[in-house]
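So this block is protein_5.txt, compact mmCIF, C-alpha atoms and all ligand atoms:
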# COMPACT_ATOMS: atom_id res chain seq x y z
CA MET A 1 27.72 -4.84 36.88
CA PRO A 2 24.96 -3.29 39.04
CA ARG A 3 21.85 -5.36 39.35
CA THR A 4 18.76 -4.02 37.63
CA ALA A 5 16.56 -2.25 40.15
CA ALA A 6 12.99 -3.47 40.54
CA PRO A 7 10.40 -1.07 39.07
CA THR A 8 9.14 1.45 41.59
CA LEU A 9 6.37 3.99 41.42
CA SER A 10 8.82 6.52 40.03
CA SER A 11 10.32 4.18 37.41
CA PRO A 12 9.64 4.98 33.74
CA ILE A 13 7.77 1.74 33.04
CA PRO A 14 4.23 2.98 33.80
CA ARG A 15 4.88 6.11 31.77
CA VAL A 16 5.89 4.01 28.75
CA ALA A 17 2.66 2.03 29.12
CA ASP A 18 0.70 5.30 29.30
CA ARG A 19 2.42 6.57 26.18
CA ASP A 20 1.65 3.37 24.28
CA ARG A 21 -1.97 3.56 25.35
CA ARG A 22 -2.16 7.20 24.24
CA ARG A 23 -0.66 6.29 20.85
CA THR A 24 -3.11 3.44 20.38
CA SER A 25 -6.09 5.61 21.34
CA ALA A 26 -4.95 8.41 19.04
CA SER A 27 -4.74 5.85 16.23
CA VAL A 28 -8.26 4.60 16.98
CA VAL A 29 -9.64 8.16 16.97
CA LEU A 30 -7.92 9.08 13.71
CA ARG A 31 -9.13 5.88 12.03
CA SER A 32 -12.64 6.65 13.23
CA VAL A 33 -12.47 10.15 11.70
CA LEU A 34 -11.14 8.64 8.44
CA GLU A 35 -13.99 6.13 8.27
CA HIS A 36 -16.88 8.22 9.57
CA GLY A 37 -15.91 11.89 9.17
CA PRO A 38 -17.37 14.39 9.37
CA VAL A 39 -18.30 12.93 12.75
CA ALA A 40 -19.17 14.37 16.16
CA ARG A 41 -16.76 13.71 19.02
CA SER A 42 -19.64 12.16 20.97
CA THR A 43 -20.18 9.70 18.11
CA ILE A 44 -16.45 8.83 18.06
CA ALA A 45 -16.69 8.09 21.78
CA ARG A 46 -19.67 5.82 21.18
CA LEU A 47 -18.02 4.05 18.21
CA THR A 48 -14.64 3.50 19.87
CA GLY A 49 -15.60 2.93 23.50
CA LEU A 50 -13.23 5.71 24.61
CA SER A 51 -14.45 8.24 27.15
CA PRO A 52 -15.76 11.57 25.79
CA ALA A 53 -12.97 13.38 27.68
CA SER A 54 -10.34 11.15 26.13
CA VAL A 55 -11.78 11.68 22.62
CA THR A 56 -11.83 15.44 23.16
CA GLY A 57 -8.18 15.35 24.27
CA HIS A 58 -7.10 13.26 21.29
CA CYS A 59 -9.03 15.48 18.89
CA ALA A 60 -7.25 18.52 20.31
CA ARG A 61 -3.85 16.82 19.82
CA LEU A 62 -4.69 15.65 16.28
CA THR A 63 -5.97 19.14 15.44
CA GLY A 64 -2.73 20.62 16.75
CA LEU A 65 -0.77 18.33 14.45
CA GLY A 66 -2.86 19.44 11.46
CA LEU A 67 -4.37 15.99 10.94
CA ILE A 68 -8.01 16.87 11.66
CA ARG A 69 -10.11 20.02 11.84
CA GLU A 70 -13.64 21.02 12.69
CA ALA A 71 -15.90 20.44 9.72
CA ALA A 72 -16.74 23.44 7.58
CA SER A 73 -20.35 24.06 8.57
CA PRO A 74 -20.95 22.89 12.14
CA ARG A 75 -24.45 22.45 13.42
CA PRO A 76 -25.13 24.97 16.17
CA SER A 77 -24.84 23.28 19.56
CA GLY A 78 -24.43 26.14 22.02
CA GLY A 79 -22.90 23.81 24.61
CA VAL A 80 -19.57 24.06 26.34
CA GLY A 81 -16.80 21.94 24.76
CA ARG A 82 -18.66 21.87 21.47
CA PRO A 83 -19.20 18.07 21.55
CA HIS A 84 -21.56 18.10 18.57
CA VAL A 85 -19.36 20.08 16.18
CA PRO A 86 -18.24 17.41 13.76
CA VAL A 87 -14.55 16.88 13.05
CA ASP A 88 -13.07 15.64 9.80
CA LEU A 89 -9.67 14.90 8.33
CA ASP A 90 -7.75 18.02 7.37
CA ASP A 91 -6.78 17.05 3.85
CA SER A 92 -5.63 20.53 2.85
CA ARG A 93 -2.14 20.81 4.30
CA LEU A 94 -0.41 17.50 4.98
CA VAL A 95 0.66 14.97 2.39
CA VAL A 96 2.91 11.95 2.17
CA GLY A 97 5.26 11.17 -0.67
CA GLY A 98 5.05 7.83 -2.45
CA VAL A 99 7.75 6.07 -4.45
CA HIS A 100 7.03 2.82 -6.29
CA VAL A 101 9.78 1.19 -8.31
CA ALA A 102 8.59 -1.09 -11.13
CA VAL A 103 10.87 -2.72 -13.69
CA PRO A 104 10.58 -0.10 -16.47
CA TYR A 105 9.87 3.05 -14.43
CA THR A 106 9.45 4.64 -11.02
CA THR A 107 6.14 6.24 -9.97
CA VAL A 108 6.47 9.22 -7.64
CA ALA A 109 3.36 10.73 -6.06
CA LEU A 110 1.88 12.87 -3.33
CA LEU A 111 -1.11 11.47 -1.42
CA ASP A 112 -3.42 13.32 0.95
CA LEU A 113 -4.56 11.86 4.27
CA ARG A 114 -7.48 10.10 2.55
CA GLY A 115 -5.07 8.15 0.35
CA ARG A 116 -6.00 10.19 -2.73
CA VAL A 117 -3.30 10.91 -5.28
CA VAL A 118 -2.95 14.70 -5.56
CA ALA A 119 0.09 14.68 -7.88
CA ARG A 120 2.22 12.09 -9.62
CA ARG A 121 5.02 11.61 -12.09
CA GLU A 122 6.55 8.63 -13.80
CA VAL A 123 10.32 8.54 -14.13
CA PRO A 124 11.51 6.06 -16.78
CA HIS A 125 14.59 3.98 -15.99
CA SER A 126 17.42 4.46 -18.43
CA GLY A 127 19.17 1.19 -19.20
CA ALA A 128 20.53 -0.62 -16.13
CA ALA A 129 18.37 -0.04 -13.07
CA ASP A 130 21.15 1.21 -10.76
CA PRO A 131 19.43 1.61 -7.39
CA TYR A 132 21.12 4.87 -6.42
CA ASP A 133 20.42 6.49 -9.80
CA ILE A 134 16.77 5.48 -9.42
CA LEU A 135 16.57 6.84 -5.86
CA ASP A 136 18.24 10.07 -7.01
CA GLY A 137 15.61 10.39 -9.74
CA ALA A 138 12.78 9.64 -7.29
CA ALA A 139 14.00 12.22 -4.75
CA GLY A 140 14.35 14.82 -7.49
CA ALA A 141 10.84 14.15 -8.82
CA LEU A 142 9.41 14.30 -5.30
CA ALA A 143 11.11 17.65 -4.67
CA GLY A 144 9.59 18.87 -7.95
CA LEU A 145 6.06 17.80 -6.97
CA LEU A 146 6.40 19.44 -3.54
CA GLY A 147 7.97 22.58 -4.98
CA ALA A 148 4.87 23.08 -7.15
CA ARG A 149 2.69 23.03 -4.00
CA PRO A 150 4.13 25.49 -1.51
CA GLY A 151 1.07 25.22 0.76
CA VAL A 152 1.50 21.54 1.60
CA ARG A 153 3.83 19.89 4.09
CA PRO A 154 5.22 16.36 3.67
CA LEU A 155 4.96 14.04 6.68
CA GLY A 156 7.22 11.38 5.22
CA VAL A 157 7.84 9.14 2.25
CA GLY A 158 6.63 5.62 1.62
CA PHE A 159 8.57 3.33 -0.70
CA ALA A 160 7.18 0.15 -2.24
CA ALA A 161 8.62 -2.36 -4.67
CA GLY A 162 8.14 -5.96 -5.64
CA GLY A 163 10.63 -8.67 -4.76
CA TRP A 164 11.83 -9.27 -1.22
CA VAL A 165 11.57 -6.08 0.85
CA ASP A 166 12.35 -6.05 4.58
CA ARG A 167 10.19 -3.43 6.25
CA ALA A 168 11.96 -3.57 9.63
CA SER A 169 15.43 -2.77 8.28
CA GLY A 170 14.21 -0.66 5.34
CA VAL A 171 16.18 -2.78 2.89
CA VAL A 172 15.28 -4.24 -0.50
CA VAL A 173 16.89 -7.61 0.17
CA GLU A 174 16.49 -8.98 -3.33
CA HIS A 175 14.66 -7.88 -6.46
CA PRO A 176 15.91 -10.19 -9.22
CA LEU A 177 14.07 -8.41 -12.06
CA LEU A 178 15.74 -5.10 -11.15
CA GLY A 179 19.03 -6.78 -10.21
CA TRP A 180 18.91 -5.21 -6.72
CA ARG A 181 20.47 -6.94 -3.69
CA GLU A 182 20.66 -5.57 -0.14
CA VAL A 183 19.84 -1.99 -1.12
CA PRO A 184 19.38 0.18 2.05
CA VAL A 185 16.50 2.18 0.59
CA ARG A 186 15.28 3.74 3.83
CA ASP A 187 18.67 5.31 4.58
CA ALA A 188 19.47 6.19 0.98
CA LEU A 189 16.12 7.84 0.29
CA GLY A 190 16.08 9.47 3.74
CA THR A 191 19.43 11.13 3.01
CA ARG A 192 18.22 12.30 -0.38
CA THR A 193 14.89 13.75 0.82
CA GLY A 194 15.57 14.75 4.43
CA LEU A 195 12.28 13.07 5.37
CA PRO A 196 11.37 9.98 7.37
CA VAL A 197 11.15 7.05 4.94
CA HIS A 198 9.19 3.83 5.38
CA VAL A 199 9.74 0.83 3.14
CA ASP A 200 7.62 -2.22 2.34
CA GLY A 201 6.80 -4.76 -0.34
CA HIS A 202 4.14 -3.57 -2.76
CA ALA A 203 1.63 -6.36 -2.12
CA ARG A 204 1.70 -5.53 1.60
CA ALA A 205 1.52 -1.81 0.80
CA LEU A 206 -1.59 -2.40 -1.27
CA VAL A 207 -3.25 -4.63 1.31
CA ASN A 208 -2.86 -1.70 3.72
CA ALA A 209 -4.29 0.71 1.13
CA GLU A 210 -7.33 -1.57 0.69
CA ARG A 211 -7.78 -1.84 4.48
CA LEU A 212 -7.56 1.91 5.05
CA PHE A 213 -9.09 3.45 1.91
CA GLY A 214 -10.51 0.69 -0.27
CA ARG A 215 -12.98 -2.16 -0.56
CA ALA A 216 -11.43 -4.23 2.23
CA ARG A 217 -12.27 -1.60 4.87
CA GLY A 218 -14.04 -3.42 7.67
CA SER A 219 -13.09 -6.87 6.36
CA GLY A 220 -11.76 -9.22 9.04
CA SER A 221 -9.13 -10.71 6.74
CA VAL A 222 -7.92 -9.77 3.30
CA LEU A 223 -5.53 -11.26 0.78
CA HIS A 224 -4.01 -9.08 -1.91
CA LEU A 225 -2.53 -10.65 -5.03
CA PHE A 226 -0.37 -8.44 -7.23
CA VAL A 227 0.17 -9.67 -10.78
CA GLY A 228 2.52 -7.45 -12.75
CA ASN A 229 6.01 -8.38 -13.85
CA VAL A 230 6.45 -9.38 -10.24
CA VAL A 231 3.78 -11.67 -8.80
CA ASP A 232 3.34 -11.63 -5.04
CA ALA A 233 0.76 -11.75 -2.28
CA ALA A 234 0.07 -10.26 1.13
CA PHE A 235 -2.34 -11.31 3.86
CA ALA A 236 -3.83 -9.24 6.69
CA THR A 237 -6.07 -10.23 9.59
CA ASN A 238 -7.63 -7.66 11.93
CA ASP A 239 -5.39 -4.83 10.73
CA GLU A 240 -2.18 -6.85 11.08
CA VAL A 241 -0.29 -7.65 7.89
CA HIS A 242 1.66 -10.86 8.06
CA HIS A 243 5.36 -10.26 7.41
CA GLY A 244 7.20 -13.37 8.55
CA PRO A 245 10.96 -13.41 9.29
CA ARG A 246 12.70 -10.55 7.42
CA SER A 247 9.37 -9.87 5.69
CA GLN A 248 9.65 -12.92 3.48
CA ALA A 249 5.97 -13.88 3.70
CA GLY A 250 4.04 -13.63 0.45
CA THR A 251 6.84 -14.76 -1.83
CA ILE A 252 4.81 -16.93 -4.14
CA ALA A 253 6.71 -16.44 -7.41
CA HIS A 254 7.47 -20.14 -7.73
CA LEU A 255 4.13 -21.54 -6.67
CA PRO A 256 3.20 -24.07 -9.36
CA VAL A 257 0.13 -23.09 -11.43
CA PRO A 258 -2.06 -26.00 -12.56
CA GLY A 259 -1.79 -26.30 -16.35
CA GLY A 260 1.20 -23.94 -16.64
CA THR A 261 3.57 -24.37 -19.59
CA GLU A 262 6.05 -21.50 -19.18
CA ARG A 263 9.71 -22.24 -18.38
CA CYS A 264 10.92 -20.44 -15.25
CA ALA A 265 14.44 -19.17 -14.50
CA CYS A 266 14.47 -21.58 -11.54
CA GLY A 267 14.48 -24.52 -13.98
CA ARG A 268 10.92 -25.71 -13.47
CA THR A 269 7.85 -25.23 -15.63
CA GLY A 270 4.61 -23.42 -14.75
CA CYS A 271 5.81 -21.29 -11.82
CA LEU A 272 3.28 -18.56 -10.98
CA GLN A 273 5.48 -15.59 -11.83
CA ALA A 274 6.85 -17.04 -15.06
CA GLU A 275 3.33 -17.98 -16.12
CA LEU A 276 1.57 -14.72 -15.24
CA SER A 277 4.19 -11.97 -15.57
CA GLU A 278 3.51 -9.06 -17.91
CA ARG A 279 6.67 -9.99 -19.80
CA THR A 280 5.14 -13.37 -20.62
CA LEU A 281 1.87 -11.73 -21.68
CA CYS A 282 3.74 -9.28 -23.93
CA ARG A 283 5.97 -11.97 -25.41
CA ARG A 284 2.94 -14.08 -26.31
CA ALA A 285 1.14 -11.02 -27.71
CA ARG A 286 4.17 -10.08 -29.79
CA ALA A 287 4.57 -13.64 -31.11
CA ALA A 288 0.90 -13.51 -32.17
CA GLY A 289 1.41 -10.16 -33.94
CA VAL A 290 -0.88 -8.26 -31.52
CA ILE A 291 1.73 -5.73 -30.36
CA GLY A 292 5.18 -4.57 -31.46
CA GLY A 293 6.90 -3.71 -28.17
CA MET A 294 6.67 -4.98 -24.59
CA ASN A 295 4.01 -2.73 -23.11
CA PRO A 296 1.08 -4.62 -21.52
CA GLN A 297 -1.13 -1.53 -21.90
CA HIS A 298 -0.86 -2.04 -25.65
CA VAL A 299 -2.37 -5.51 -25.28
CA VAL A 300 -5.29 -3.99 -23.34
CA ARG A 301 -5.67 -1.33 -26.02
CA ALA A 302 -5.67 -3.96 -28.80
CA ALA A 303 -8.38 -5.88 -26.93
CA ARG A 304 -10.41 -2.68 -26.59
CA ASP A 305 -10.06 -2.14 -30.33
CA GLY A 306 -11.58 -5.59 -30.88
CA ASP A 307 -8.52 -7.81 -31.50
CA PRO A 308 -9.81 -11.31 -30.58
CA VAL A 309 -6.29 -12.67 -29.91
CA ALA A 310 -5.59 -9.89 -27.41
CA VAL A 311 -8.93 -10.64 -25.71
CA ARG A 312 -8.06 -14.34 -25.53
CA LEU A 313 -4.57 -13.71 -24.09
CA LEU A 314 -5.97 -11.39 -21.41
CA THR A 315 -8.86 -13.66 -20.41
CA GLU A 316 -6.55 -16.71 -20.31
CA ARG A 317 -4.20 -14.83 -18.02
CA ALA A 318 -7.11 -13.74 -15.80
CA ARG A 319 -8.38 -17.34 -15.61
CA ALA A 320 -4.90 -18.61 -14.64
CA THR A 321 -4.73 -15.85 -12.01
CA GLY A 322 -8.08 -17.12 -10.72
CA ARG A 323 -6.67 -20.65 -10.39
CA ALA A 324 -3.78 -19.23 -8.34
CA VAL A 325 -6.29 -17.33 -6.16
CA GLY A 326 -8.14 -20.62 -5.66
CA LEU A 327 -4.95 -22.24 -4.32
CA LEU A 328 -4.33 -19.32 -1.95
CA LEU A 329 -7.97 -19.41 -0.78
CA ASP A 330 -7.53 -23.09 0.10
CA VAL A 331 -4.56 -22.23 2.32
CA LEU A 332 -5.60 -18.91 3.90
CA ASN A 333 -9.41 -18.70 3.59
CA PRO A 334 -9.63 -14.86 3.73
CA GLU A 335 -12.95 -12.97 3.76
CA THR A 336 -11.89 -10.79 0.84
CA VAL A 337 -9.40 -11.27 -1.99
CA VAL A 338 -8.22 -8.20 -3.89
CA VAL A 339 -6.51 -8.72 -7.23
CA THR A 340 -4.35 -6.16 -9.02
CA GLU A 341 -3.92 -7.34 -12.61
CA ILE A 342 -4.05 -5.19 -15.72
CA GLY A 343 -6.84 -7.08 -17.55
CA VAL A 344 -9.03 -7.53 -14.46
CA LEU A 345 -8.71 -3.81 -13.70
CA SER A 346 -9.98 -2.78 -17.11
CA ARG A 347 -12.28 -5.49 -18.49
CA GLU A 348 -15.45 -7.18 -17.25
CA ASP A 349 -14.69 -10.35 -19.25
CA CYS A 350 -11.33 -10.63 -17.49
CA LEU A 351 -13.00 -10.22 -14.08
CA GLY A 352 -15.45 -12.95 -15.15
CA ALA A 353 -12.57 -15.22 -16.24
CA LEU A 354 -10.76 -14.56 -12.96
CA ARG A 355 -13.84 -15.53 -10.97
CA ALA A 356 -14.40 -18.60 -13.16
CA GLY A 357 -10.82 -19.64 -12.44
CA VAL A 358 -11.44 -19.31 -8.70
CA GLY A 359 -14.55 -21.50 -9.04
CA ASP A 360 -17.00 -23.22 -6.72
CA GLY A 361 -18.99 -20.49 -5.02
CA ARG A 362 -16.03 -18.54 -3.65
CA ALA A 363 -15.74 -16.11 -6.57
CA ALA A 364 -17.92 -13.42 -4.97
CA SER A 365 -15.24 -12.66 -2.39
CA VAL A 366 -12.75 -11.82 -5.17
CA VAL A 367 -12.69 -8.15 -6.21
CA PRO A 368 -10.41 -6.00 -8.37
CA SER A 369 -8.16 -3.35 -6.82
CA SER A 370 -9.95 -0.26 -5.49
CA PHE A 371 -7.36 1.92 -7.25
CA PRO A 372 -7.51 0.97 -10.94
CA ASP A 373 -6.06 4.25 -12.22
CA SER A 374 -3.48 4.89 -9.56
CA VAL A 375 -2.41 1.57 -8.07
CA LEU A 376 1.36 2.18 -8.17
CA ALA A 377 1.09 5.75 -6.87
CA VAL A 378 -1.15 4.52 -4.05
CA ALA A 379 1.22 1.63 -3.20
CA GLY A 380 4.17 3.88 -2.34
CA GLY A 381 2.21 6.48 -0.39
CA SER A 382 0.24 3.86 1.53
CA VAL A 383 3.40 2.63 3.23
CA ALA A 384 3.76 6.04 4.89
CA LEU A 385 0.01 6.44 5.51
CA ASP A 386 -0.14 3.05 7.23
CA VAL A 387 2.59 4.23 9.63
CA LEU A 388 0.68 7.48 10.21
CA TYR A 389 -2.62 5.78 10.99
CA ARG A 390 -0.92 3.30 13.35
CA ASP A 391 0.88 6.03 15.30
CA PRO A 392 -0.35 9.53 14.39
CA LEU A 393 1.42 11.19 17.31
CA GLY A 394 4.80 9.64 16.48
CA ALA A 395 4.54 9.77 12.70
CA SER A 396 3.71 13.45 12.52
CA ALA A 397 5.94 14.64 15.36
CA ASP A 398 9.32 13.92 13.79
CA THR A 399 8.78 15.91 10.62
CA ARG A 400 10.92 18.87 9.80
CA PRO A 401 8.67 21.31 7.95
CA ASP A 402 11.40 22.64 5.71
CA ALA A 403 12.86 19.28 4.73
CA ILE A 404 13.28 18.37 1.06
ZN ZN B 1 10.26 -20.97 -10.74

Just give me the structure of the file as C-alpha cells.
Ligand SMILES: [Zn+2]
Amino acid sequence: MPRTAAPTLSSPIPRVADRDRRRTSASVVLRSVLEHGPVARSTIARLTGLSPASVTGHCARLTGLGLIREAASPRPSGGVGRPHVPVDLDDSRLVVGGVHVAVPYTTVALLDLRGRVVARREVPHSGAADPYDILDGAAGALAGLLGARPGVRPLGVGFAAGGWVDRASGVVVEHPLLGWREVPVRDALGTRTGLPVHVDGHARALVNAERLFGRARGSGSVLHLFVGNVVDAAFATNDEVHHGPRSQAGTIAHLPVPGGTERCACGRTGCLQAELSERTLCRRARAAGVIGGMNPQHVVRAARDGDPVAVRLLTERARATGRAVGLLLDVLNPETVVVTEIGVLSREDCLGALRAGVGDGRAASVVPSSFPDSVLAVAGGSVALDVLYRDPLGASADTRPDAI
C-alpha cells in the first residue's frame, strides 16, 4: 500500500475548503435575500459581513441558477455594478415537491422558494398502507401537479412522515401506525420521480419550516411539538436541528403525561402519544355521541357549532398538550415553542388551555404553528427547501429540468 502523500500546494484539500466556504457564503446570501428581500447587494454585504465583491459574485451565481432576480422596479442608481438595485427571490419558476404521509392520507404539494404552497392534493390511502403503493400514488399526484404548471421547474422533492425517519440514509426506519419498517423512501421515490429526494421526520421538517418561513425566524432555539395521530418533537439551536444517532432524537411517544389515563400499546398507562393522539380524541368524541366517524376535523366542527362536549374534549387535550410542553421546557429550555395541534390551530380557548397547561410565566413563548391551513403540505416541501437554503449551489445544480 502506498503511503498517503502529505498535502502540497497543488493538492485538492485547499480547493475543497474553498468550495465549502463558497457554499456557506451562498447559503448566507440566499437566506439574507429570503429574510430581507427586496434588498440591495450593499445591504446584504452589511448584514452578512461578506465583502461587496463576494456578495455581487454570489448574487450573479444565484441569479444564474434562477433562485434570485433583480426586483421589479429598481431605484435608479446610475453607478457601475448596480449595487443599489435590490434583488429578491425569484419565486416564479422554481418549486420543490412535498410529500407528507399521514395515517389516513398522503398530502402532495408544490412549494415556491418562500415556502408558500402553490398547489396541493390529498391522496387517500386505500386499506393497508403498503409503502410502495403510497409512493406510487404520491409520485403520480406530483407529476399531475407539475404537468398542470408547464412554466415551473422542480428542484427536488421533500418527504416527511411521523415515526422514526433517518434523514441520512433516507429510510423510514419504523412507523408503527402505518406498519412501515425499513422503507427506503429516498431511493424508491427518487426512482419514481427522477428527482433528488430528501427525507426527514415531520417534526424536524416543521421546525425547519418555522425557522425559515415562520414565527421562529431569528429565534436562537426552537422546539416544535407535533400532536396528530403521531406525537413527536424536534429541537433546533442556531439553525441546527438535533437528530441524534440514526435520527432518533425527538421520539417522545412514550413520555408519561401527568394525570394520563389512556392505556398504551406498550403496556403502560398515560403515555404521551396514547393520551394525545387524534385517534384517542375521536374515540372519546364518538363515545360521547359528538361525532360518528374518526375524523378529528368533525370534532372541531362540532365545537364550532356550539357542542359543549366537543369544546371540553378539545380544551382538555390542549391543556394536556400544555403539560407535556411544560415537561419539555424543563429539559430543553428553548426560546420559542411551536405547537401543531388541531384544536390549538383553530380555537383561542384551546390556545389558552395549552398555555394554562404550560403554566408559571413561560406560556408566552408557546405559539401555534405558522401554517395552520397547510401544515402537512409545508412539512414535506420544507425538507427539500431546508436542503436548498443550506447549500443553494449544490441543491440546484443536480436537477434535470425534464425529470418527472
Ligand atoms: Zn407507551

Original post:
Pick the closest to Val339 of chain A from A:Val387, A:Ala188, A:Ala318, A:Ala141: which is it, counting only C-alpha atoms?
Top reply: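 That would be A:Ala318, the residue with the smallest distance to Val339 of chain A.
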
Subject >> Expected selection as a list in words for ligand ZN 1 (chain B) within 7 Å, only C-alpha atoms and all ligand atoms >> reply: Ala253, His254, Cys264, Ala265, Cys266, Gly267, Arg268, Thr269, Cys271 and Ala274 of chain A

Store the residues picked out above in a file with C-alpha atoms, as a tab-separated table (two decimals), in the frame of the given file.
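Full text of selection14.tsv as output:
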chain	number	residue	atom	x	y	z
A	253	ALA	CA	6.71	-16.44	-7.41
A	254	HIS	CA	7.47	-20.14	-7.73
A	264	CYS	CA	10.92	-20.44	-15.25
A	265	ALA	CA	14.44	-19.17	-14.50
A	266	CYS	CA	14.47	-21.58	-11.54
A	267	GLY	CA	14.48	-24.52	-13.98
A	268	ARG	CA	10.92	-25.71	-13.47
A	269	THR	CA	7.85	-25.23	-15.63
A	271	CYS	CA	5.81	-21.29	-11.82
A	274	ALA	CA	6.85	-17.04	-15.06

Each residue of segment 238-277 of chain A with at least one atom at most 12 Å from segment 348-359 of chain A should appear once, together with its nearest atom pair and the corresponding distance in Å (one decimal); atoms considered: all atoms listed in the file; ordering: chain, then increasing residue number; output as a Markdown table.
| residue | atom | partner | partner_atom | distance |
| --- | --- | --- | --- | --- |
| A:Val257 | CA | A:Gly357 | CA | 11.5 |
| A:Pro258 | CA | A:Gly357 | CA | 10.8 |
| A:Gly259 | CA | A:Gly357 | CA | 11.9 |

**OP:** Could you tell me which of A:Leu34, A:Val28, A:Ala139, A:Val123 comes closest to Arg217 of chain A if we count all atoms listed in the file?
**Re:**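 Among the listed residues, A:Leu34 lies closest to Arg217 of chain A.
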
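Shortest separation to Arg347 of chain A among A:Thr251, A:Thr315, A:Ser396, A:Ser219 occurs at residue A:Thr315, atoms counted being only C-alpha atoms.
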
**OP:** Between atom CA of Arg114 of chain A and atom CA of Leu332 of chain A, measure the distance and give it in Å to one decimal.
**Re:** 29.1 Å

**OP:** Give me the residues within 9 Å of Ala377 of chain A as a list in words, counting all atoms listed in the file and dropping any in the same chain fewer than 4 places off.
**Re:**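 Near Ala377 of chain A, the qualifying residues are Gly98, Val99, His100, Thr107, Val108, Ala109, Leu110, Leu111, Val117, Arg120, Arg121, Gly381 and Ser382 of chain A.
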
Original post:
With distances taken over all atoms listed in the file, which of A:Ala303, A:Ala395, A:Ala168, A:Val207 is nearest to Phe371 of chain A?
Top reply: A:Val207
